[in-house]
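The block underneath contains the structure these notes are about, expressed in C-alpha cells.
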Amino acid sequence: MSQRSQLRRRRTGLESAWSHWVPRMRDAGAKPSGAGAPRPDVTESWLRSLGTVDPALDSAPVTDGGAVRHRWLGSPLRRPVDGLTEELRAIAEDAGFVSAVTDRTGTILWTCGGPTMRRRAERVNFAPGGRWDEAAMGTNALSLALRTGRPSSVFSAEHLVSALHGWVCYCAPVRGPDGRVLGVLDMSTTWDRSHPLAMSTVRSLAATIESRLRAEPPRREDTAPIRLTCLGAGRASRGGTPLPLRPRQLEILTLLALEPEGFTPGRLREALYGGRAVTASTSKAEISHLRRALDGGVSTRRYALTAPVSCDAREVLHALERGDTETALGLYGGPLLPGSEAPGIEEWRRHLEVAVREAVLASPRAEHALRYGRRAPYDEEVHAHALRLLGPGDTRRALAMGRLAALRY
C-alpha cells in the first residue's frame, strides 16, 4: 500500500471516530474507548476543549496585530529565530509546510512559508496574532506541546475543530536557559504531505534555537522590556528600575499600550484633555519627555510604541479573550489609573471593569464571584451570583450572605 493510501485510510478512520465520539462527548460527557478511539492524549484534550471551543469554529480567534508586533520585538525567541529564518523558509517552501513560532500563551508571533500554503493557513488564522491555546482552538499540536512540554503531532481529525481536518501539525516546545517553556516551534502542512521525518526536523530546529538562547549574552538592563502597571496604581519600570514619569506621561504610555496601532496627534490630545483648550505644543512636550524616558520607543508622526512594553491591563484583556477568568482576576489589581480624569483613560477604565465583571457573572466558579466581591462590596448581583453557585454545606455561603445582607438592611 502506498504512503498516500495509508494516510487516506488513517484519515478516514479518524474522521469516523470524530463523527462518532465528539457529539457524544459534547452532549453527555462520554469518554472514548475501544479499538476505534483516538489516542488518549487527544481524547482527553477533546474533553477539556469542548467546554470552551465549538468544533464547528472556522478559524482561530485573533489578538490585535499591533500588540503581537510588540510582543515579537520583545520576545527572547526573536533573535535566534531570525538567525534561522533562511533555513526555516527553505524547509517550509521546499516541503510545502508553514512554519510558525508562538509565545508561551499559544499566540503565533511569526510565520514563514510559500505563498500558497500561507494563504491556506491564513484562512484559519494560522498567522501572527492567531490564538492556538487549548481554550481558544481546542486540540492541536501547539496546544498539546504547550500543555505537556513535549513534542507533539496532530493529524487530520485528531484536531477537535473540523476546519483543521485537512492539516497535520508537528510541534516542539522551546525552552529558555532556565528550563521554562518560552513558546513552540510548529511545522504544518496538508494531511497528504504527512511525513515521519517532519517531527525529527522540528525537534532538531527547536534544539538549535535553544542552543542559541544559551549562547546569547544576558539581556542588558537598558534594553530590557518596560513593565507598565496601571491597574489600581500607575508605575513603569525597566529591568526593575522605576522610570521617572509624571502622571500625564503614564496616561500616554497606558493609552499607547492599550491601542498598539497608535494615535494621530489630534486624537491623542482629545483622549488626554477632552474638550479643554490645550495647545499642540503641550502634548508634544509630554510625548518628548516620554520618548526620552523610553530611549526612543515612541514613533513620531503617528504616536505608537516601538519598544516592547508589557502591561497588566493588556494582559487582563488577553486572558478574557481566551476565556481565562482565573488569570484575568489574578491580574486585575483595581481600576485603570484610578486617579486619572483623562477621557481616554476613563473610557478604557469602564471597558475593563465591565469586561471583568461580565466574565465573573458568566463563570460557573463561585470563587471568582467571591474574589471579585471583595473588590466590589456594593455589587449585589455579584454577591447573589456567588450565593447561587455555593452548595448548601459550603461554609463560604455565610460570606456571600453577609455581603448581601449589608446591602439590603
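Ligands are numbered from 1 in the order shown, residues from 1 within each chain, and chains are lettered A, B, ... in the order they appear in the C-alpha cells.
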Legend entry - Spatial neighbours of A:Ser33, 10 Å, only C-alpha atoms, chain gap at least 5 places, as a VMD selection string: chain A and resid 21 38 to 40 43
Restricting it to N, CA, C and O atoms, dump the selection as a PDB file, in the first residue's frame.
ATOM      1  N   TRP A  21     -17.661  10.136  18.202  1.00  0.00           N
ATOM      2  CA  TRP A  21     -17.423  10.456  19.609  1.00  0.00           C
ATOM      3  C   TRP A  21     -17.652  11.914  19.989  1.00  0.00           C
ATOM      4  O   TRP A  21     -18.157  12.198  21.080  1.00  0.00           O
ATOM      5  N   PRO A  38      -9.455   7.466  19.177  1.00  0.00           N
ATOM      6  CA  PRO A  38      -8.132   8.085  19.019  1.00  0.00           C
ATOM      7  C   PRO A  38      -7.283   7.900  20.272  1.00  0.00           C
ATOM      8  O   PRO A  38      -7.775   7.477  21.322  1.00  0.00           O
ATOM      9  N   ARG A  39      -6.020   8.274  20.178  1.00  0.00           N
ATOM     10  CA  ARG A  39      -5.098   8.061  21.298  1.00  0.00           C
ATOM     11  C   ARG A  39      -5.536   8.889  22.513  1.00  0.00           C
ATOM     12  O   ARG A  39      -6.174   9.937  22.368  1.00  0.00           O
ATOM     13  N   PRO A  40      -5.171   8.429  23.729  1.00  0.00           N
ATOM     14  CA  PRO A  40      -5.705   9.049  24.950  1.00  0.00           C
ATOM     15  C   PRO A  40      -5.416  10.539  25.092  1.00  0.00           C
ATOM     16  O   PRO A  40      -6.279  11.291  25.549  1.00  0.00           O
ATOM     17  N   THR A  43      -8.054  12.377  23.022  1.00  0.00           N
ATOM     18  CA  THR A  43      -9.426  12.352  23.547  1.00  0.00           C
ATOM     19  C   THR A  43      -9.539  13.124  24.852  1.00  0.00           C
ATOM     20  O   THR A  43     -10.564  13.778  25.113  1.00  0.00           O
TER      21      THR A  43
END
Taking 3 positions as the minimum chain separation for residues in the same chain, which residues sit within 12 Å of A:Ala92 when counting only C-alpha atoms? Answer as a PDB file with N, CA and C atoms, in the first residue's frame.
ATOM      1  N   THR A  85      16.064  32.012   9.933  1.00  0.00           N
ATOM      2  CA  THR A  85      14.967  32.306   9.010  1.00  0.00           C
ATOM      3  C   THR A  85      15.169  31.659   7.648  1.00  0.00           C
ATOM      4  N   GLU A  86      16.366  31.765   7.096  1.00  0.00           N
ATOM      5  CA  GLU A  86      16.592  31.205   5.757  1.00  0.00           C
ATOM      6  C   GLU A  86      16.404  29.697   5.748  1.00  0.00           C
ATOM      7  N   GLU A  87      16.901  29.035   6.772  1.00  0.00           N
ATOM      8  CA  GLU A  87      16.743  27.577   6.844  1.00  0.00           C
ATOM      9  C   GLU A  87      15.276  27.191   7.018  1.00  0.00           C
ATOM     10  N   LEU A  88      14.573  27.899   7.909  1.00  0.00           N
ATOM     11  CA  LEU A  88      13.153  27.608   8.126  1.00  0.00           C
ATOM     12  C   LEU A  88      12.342  27.870   6.862  1.00  0.00           C
ATOM     13  N   ARG A  89      12.654  28.964   6.177  1.00  0.00           N
ATOM     14  CA  ARG A  89      11.917  29.293   4.961  1.00  0.00           C
ATOM     15  C   ARG A  89      12.184  28.258   3.871  1.00  0.00           C
ATOM     16  N   ALA A  95       9.233  21.755   1.171  1.00  0.00           N
ATOM     17  CA  ALA A  95       8.399  20.623   1.568  1.00  0.00           C
ATOM     18  C   ALA A  95       6.911  20.970   1.616  1.00  0.00           C
ATOM     19  N   GLY A  96       6.545  22.208   1.312  1.00  0.00           N
ATOM     20  CA  GLY A  96       5.139  22.583   1.336  1.00  0.00           C
ATOM     21  C   GLY A  96       4.577  22.740   2.730  1.00  0.00           C
ATOM     22  N   PHE A  97       5.363  23.284   3.641  1.00  0.00           N
ATOM     23  CA  PHE A  97       4.941  23.496   5.020  1.00  0.00           C
ATOM     24  C   PHE A  97       4.761  24.992   5.294  1.00  0.00           C
ATOM     25  N   VAL A  98       4.102  25.291   6.400  1.00  0.00           N
ATOM     26  CA  VAL A  98       4.125  26.613   7.008  1.00  0.00           C
ATOM     27  C   VAL A  98       4.790  26.463   8.358  1.00  0.00           C
ATOM     28  N   SER A  99       5.810  27.268   8.621  1.00  0.00           N
ATOM     29  CA  SER A  99       6.490  27.250   9.920  1.00  0.00           C
ATOM     30  C   SER A  99       5.962  28.401  10.766  1.00  0.00           C
ATOM     31  N   ALA A 100       5.877  28.175  12.075  1.00  0.00           N
ATOM     32  CA  ALA A 100       5.365  29.208  12.974  1.00  0.00           C
ATOM     33  C   ALA A 100       6.076  29.121  14.313  1.00  0.00           C
ATOM     34  N   THR A 111       5.540  33.696  11.284  1.00  0.00           N
ATOM     35  CA  THR A 111       5.360  32.562  10.382  1.00  0.00           C
ATOM     36  C   THR A 111       6.201  32.760   9.132  1.00  0.00           C
ATOM     37  N   CYS A 112       6.440  31.663   8.426  1.00  0.00           N
ATOM     38  CA  CYS A 112       7.038  31.745   7.094  1.00  0.00           C
ATOM     39  C   CYS A 112       6.575  30.531   6.290  1.00  0.00           C
ATOM     40  N   GLY A 113       6.672  30.639   4.973  1.00  0.00           N
ATOM     41  CA  GLY A 113       6.270  29.548   4.093  1.00  0.00           C
ATOM     42  C   GLY A 113       5.992  30.082   2.707  1.00  0.00           C
ATOM     43  N   GLY A 114       5.712  29.181   1.784  1.00  0.00           N
ATOM     44  CA  GLY A 114       5.380  29.591   0.428  1.00  0.00           C
ATOM     45  C   GLY A 114       4.039  30.293   0.381  1.00  0.00           C
ATOM     46  N   PRO A 115       3.800  31.103  -0.653  1.00  0.00           N
ATOM     47  CA  PRO A 115       2.570  31.905  -0.706  1.00  0.00           C
ATOM     48  C   PRO A 115       1.296  31.067  -0.707  1.00  0.00           C
ATOM     49  N   THR A 116       1.293  29.920  -1.375  1.00  0.00           N
ATOM     50  CA  THR A 116       0.072  29.106  -1.433  1.00  0.00           C
ATOM     51  C   THR A 116      -0.287  28.563  -0.061  1.00  0.00           C
ATOM     52  N   MET A 117       0.702  27.990   0.631  1.00  0.00           N
ATOM     53  CA  MET A 117       0.429  27.422   1.950  1.00  0.00           C
ATOM     54  C   MET A 117       0.118  28.507   2.964  1.00  0.00           C
ATOM     55  N   ARG A 118       0.765  29.655   2.843  1.00  0.00           N
ATOM     56  CA  ARG A 118       0.470  30.735   3.787  1.00  0.00           C
ATOM     57  C   ARG A 118      -0.953  31.241   3.604  1.00  0.00           C
ATOM     58  N   ASP A 186       6.465  25.265  15.292  1.00  0.00           N
ATOM     59  CA  ASP A 186       5.474  24.427  14.599  1.00  0.00           C
ATOM     60  C   ASP A 186       5.797  24.352  13.115  1.00  0.00           C
ATOM     61  N   MET A 187       5.586  23.166  12.549  1.00  0.00           N
ATOM     62  CA  MET A 187       5.587  22.996  11.099  1.00  0.00           C
ATOM     63  C   MET A 187       4.294  22.293  10.725  1.00  0.00           C
ATOM     64  N   SER A 188       3.498  22.916   9.864  1.00  0.00           N
ATOM     65  CA  SER A 188       2.186  22.389   9.494  1.00  0.00           C
ATOM     66  C   SER A 188       2.056  22.295   7.985  1.00  0.00           C
ATOM     67  N   THR A 189       1.271  21.302   7.550  1.00  0.00           N
ATOM     68  CA  THR A 189       1.020  21.124   6.124  1.00  0.00           C
ATOM     69  C   THR A 189      -0.287  20.368   5.946  1.00  0.00           C
ATOM     70  N   ARG A 193       0.630  15.390   2.947  1.00  0.00           N
ATOM     71  CA  ARG A 193       2.083  15.573   2.936  1.00  0.00           C
ATOM     72  C   ARG A 193       2.714  15.108   4.247  1.00  0.00           C
ATOM     73  N   ALA A 198       9.263  14.704   9.549  1.00  0.00           N
ATOM     74  CA  ALA A 198       8.918  16.085   9.907  1.00  0.00           C
ATOM     75  C   ALA A 198       9.119  16.332  11.404  1.00  0.00           C
ATOM     76  N   THR A 201      12.721  16.801  12.279  1.00  0.00           N
ATOM     77  CA  THR A 201      13.189  18.102  11.800  1.00  0.00           C
ATOM     78  C   THR A 201      12.797  19.204  12.772  1.00  0.00           C
ATOM     79  N   VAL A 202      11.549  19.188  13.234  1.00  0.00           N
ATOM     80  CA  VAL A 202      11.082  20.198  14.180  1.00  0.00           C
ATOM     81  C   VAL A 202      11.875  20.119  15.483  1.00  0.00           C
TER      82      VAL A 202
END
Legend entry - Non-local contacts of A:Pro338 (8 Å; only C-alpha atoms; under 6 positions in same chain excluded) as a list of chain:residue names: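 Final neighbour list, sorted by chain and number: A:Leu231, A:Gly232, A:Ala233.
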Legend entry - All residues 12 Å or closer to A:Gly297, only C-alpha atoms, same chain fewer than 3 positions away omitted, as JSON, numbers by chain: {"A": [70, 73, 223, 225, 226, 253, 256, 257, 287, 288, 289, 290, 291, 292, 293, 294, 300, 303, 304, 305, 306, 307, 308, 309]}
Give me, as a PDB file with C-alpha atoms, in the first residue's frame, all polymer residues having an atom no more than 12 Å from A:Ala224, counting only C-alpha atoms and skipping those fewer than 3 positions away in the same chain.
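Dumped everything to selection-v6.pdb:
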ATOM      1  CA  LEU A  73      10.036  42.611  19.249  1.00  0.00           C
ATOM      2  CA  GLY A  74      10.465  41.848  22.942  1.00  0.00           C
ATOM      3  CA  SER A  75      10.467  38.057  22.658  1.00  0.00           C
ATOM      4  CA  PRO A  76      13.694  36.234  23.601  1.00  0.00           C
ATOM      5  CA  PRO A 218      22.377  38.225  29.266  1.00  0.00           C
ATOM      6  CA  ARG A 219      19.955  40.947  28.246  1.00  0.00           C
ATOM      7  CA  ARG A 220      21.313  44.376  29.147  1.00  0.00           C
ATOM      8  CA  GLU A 221      19.168  46.318  31.579  1.00  0.00           C
ATOM      9  CA  ARG A 227       6.811  46.861  32.591  1.00  0.00           C
ATOM     10  CA  SER A 237       9.949  50.284  35.228  1.00  0.00           C
ATOM     11  CA  ARG A 238      12.715  48.804  33.102  1.00  0.00           C
ATOM     12  CA  GLY A 239      14.750  45.920  34.463  1.00  0.00           C
ATOM     13  CA  GLY A 240      13.301  46.626  37.921  1.00  0.00           C
ATOM     14  CA  THR A 241      14.346  50.280  37.879  1.00  0.00           C
ATOM     15  CA  LEU A 294      11.905  55.164  26.916  1.00  0.00           C
ATOM     16  CA  ASP A 295      15.156  55.806  24.992  1.00  0.00           C
ATOM     17  CA  ALA A 307       9.727  49.460  22.201  1.00  0.00           C
ATOM     18  CA  PRO A 308       8.391  46.300  23.899  1.00  0.00           C
ATOM     19  CA  VAL A 309       6.079  47.177  26.796  1.00  0.00           C
ATOM     20  CA  SER A 310       4.269  44.606  28.928  1.00  0.00           C
TER      21      SER A 310
END
Legend entry - Computed interatomic separation between atom CA of A:Pro80 and atom CA of A:Ile209 (Å):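 Distance between the two atoms: 5.6 Å.
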Inset, instruction - Within 12 Å of A:Arg24, counting only C-alpha atoms, which residues show up once you throw out same-chain ones fewer than 6 positions away? Write them as a list in words, please. - result: Ala17, Trp18, Ala30, Lys31, Pro32, Trp46, Leu47 and Leu50 of chain A
Legend entry - Residues flagged strand (DSSP E) by DSSP in stretch 193-404 of chain A, as a list in words: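 Going through stretch 193-404 of chain A, the strand (DSSP E) residues come out as Ile226, Arg227, Leu228, Thr229, Arg235, Ala236, Ser237, Arg238, Thr241, Pro242, Val309, Ser310 and Cys311 of chain A.
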Inset, instruction - Write down as an NGL selection string the residues belonging to stretch 53-290 of chain A that are assigned alpha helix (DSSP H) by DSSP computed on the backbone. - result: :A and (65-74 or 78-83 or 85-95 or 115-123 or 134-137 or 141-148 or 197-215 or 247-258 or 265-273 or 280-290)
Legend entry - Contact residues around A:Leu146 with only C-alpha atoms at 10 Å, ignoring same-chain residues under 4 positions, as an MDAnalysis selection string: chainID A and resid 102:106 132:134 141:142 150:152 171:174 181:184
How would the residues just chosen look if you wrote them out with N, CA, C and O atoms as an mmCIF file, in the first residue's frame?
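Saved result, out_26.cif, follows:
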data_model
loop_
_atom_site.group_PDB
_atom_site.id
_atom_site.type_symbol
_atom_site.label_atom_id
_atom_site.label_comp_id
_atom_site.auth_asym_id
_atom_site.auth_seq_id
_atom_site.Cartn_x
_atom_site.Cartn_y
_atom_site.Cartn_z
ATOM 1 N N THR A 102 5.303 30.467 18.363
ATOM 2 C CA THR A 102 4.350 31.075 19.280
ATOM 3 C C THR A 102 5.061 31.556 20.535
ATOM 4 O O THR A 102 6.211 31.204 20.794
ATOM 5 N N ASP A 103 4.339 32.335 21.348
ATOM 6 C CA ASP A 103 4.818 32.612 22.700
ATOM 7 C C ASP A 103 4.268 31.542 23.640
ATOM 8 O O ASP A 103 3.642 30.572 23.199
ATOM 9 N N ARG A 104 4.478 31.713 24.929
ATOM 10 C CA ARG A 104 4.076 30.670 25.881
ATOM 11 C C ARG A 104 2.563 30.606 26.067
ATOM 12 O O ARG A 104 2.056 29.667 26.682
ATOM 13 N N THR A 105 1.817 31.586 25.551
ATOM 14 C CA THR A 105 0.353 31.536 25.650
ATOM 15 C C THR A 105 -0.283 30.829 24.460
ATOM 16 O O THR A 105 -1.499 30.643 24.439
ATOM 17 N N GLY A 106 0.512 30.464 23.450
ATOM 18 C CA GLY A 106 -0.042 29.844 22.253
ATOM 19 C C GLY A 106 -0.437 30.831 21.176
ATOM 20 O O GLY A 106 -1.066 30.441 20.186
ATOM 21 N N TRP A 132 -3.818 29.811 19.534
ATOM 22 C CA TRP A 132 -3.925 28.370 19.336
ATOM 23 C C TRP A 132 -3.790 27.596 20.641
ATOM 24 O O TRP A 132 -3.511 26.401 20.630
ATOM 25 N N ASP A 133 -4.004 28.265 21.774
ATOM 26 C CA ASP A 133 -4.048 27.536 23.037
ATOM 27 C C ASP A 133 -5.313 26.683 23.066
ATOM 28 O O ASP A 133 -6.250 26.890 22.297
ATOM 29 N N GLU A 134 -5.355 25.714 23.978
ATOM 30 C CA GLU A 134 -6.450 24.751 24.009
ATOM 31 C C GLU A 134 -7.796 25.417 24.270
ATOM 32 O O GLU A 134 -8.813 25.043 23.678
ATOM 33 N N ALA A 141 -1.623 20.468 17.776
ATOM 34 C CA ALA A 141 -0.277 20.123 18.220
ATOM 35 C C ALA A 141 0.342 21.230 19.065
ATOM 36 O O ALA A 141 1.081 20.953 20.012
ATOM 37 N N LEU A 142 0.055 22.493 18.737
ATOM 38 C CA LEU A 142 0.574 23.605 19.530
ATOM 39 C C LEU A 142 0.078 23.526 20.970
ATOM 40 O O LEU A 142 0.857 23.650 21.928
ATOM 41 N N ARG A 150 6.161 18.639 25.810
ATOM 42 C CA ARG A 150 6.832 17.632 24.978
ATOM 43 C C ARG A 150 6.463 17.843 23.514
ATOM 44 O O ARG A 150 5.395 18.406 23.213
ATOM 45 N N PRO A 151 7.308 17.356 22.582
ATOM 46 C CA PRO A 151 6.944 17.430 21.166
ATOM 47 C C PRO A 151 5.625 16.705 20.912
ATOM 48 O O PRO A 151 5.293 15.721 21.588
ATOM 49 N N SER A 152 4.867 17.203 19.930
ATOM 50 C CA SER A 152 3.551 16.635 19.661
ATOM 51 C C SER A 152 3.219 16.772 18.188
ATOM 52 O O SER A 152 3.637 17.728 17.534
ATOM 53 N N CYS A 171 5.013 19.850 16.299
ATOM 54 C CA CYS A 171 5.449 20.915 17.199
ATOM 55 C C CYS A 171 6.469 20.420 18.200
ATOM 56 O O CYS A 171 6.429 19.258 18.627
ATOM 57 N N ALA A 172 7.326 21.340 18.608
ATOM 58 C CA ALA A 172 8.238 21.082 19.721
ATOM 59 C C ALA A 172 8.313 22.344 20.571
ATOM 60 O O ALA A 172 8.436 23.447 20.027
ATOM 61 N N PRO A 173 8.220 22.203 21.900
ATOM 62 C CA PRO A 173 8.381 23.378 22.763
ATOM 63 C C PRO A 173 9.807 23.873 22.736
ATOM 64 O O PRO A 173 10.746 23.101 22.504
ATOM 65 N N VAL A 174 9.988 25.163 22.951
ATOM 66 C CA VAL A 174 11.320 25.773 23.024
ATOM 67 C C VAL A 174 11.506 26.296 24.444
ATOM 68 O O VAL A 174 10.701 27.097 24.917
ATOM 69 N N VAL A 181 9.355 26.949 29.416
ATOM 70 C CA VAL A 181 8.891 26.962 28.033
ATOM 71 C C VAL A 181 8.609 28.399 27.615
ATOM 72 O O VAL A 181 7.822 29.099 28.250
ATOM 73 N N LEU A 182 9.272 28.847 26.558
ATOM 74 C CA LEU A 182 9.100 30.212 26.048
ATOM 75 C C LEU A 182 8.088 30.275 24.913
ATOM 76 O O LEU A 182 7.527 31.331 24.632
ATOM 77 N N GLY A 183 7.870 29.151 24.255
ATOM 78 C CA GLY A 183 6.965 29.104 23.115
ATOM 79 C C GLY A 183 7.083 27.763 22.427
ATOM 80 O O GLY A 183 7.642 26.807 22.977
ATOM 81 N N VAL A 184 6.570 27.692 21.209
ATOM 82 C CA VAL A 184 6.538 26.445 20.449
ATOM 83 C C VAL A 184 6.954 26.736 19.015
ATOM 84 O O VAL A 184 6.576 27.767 18.440
#
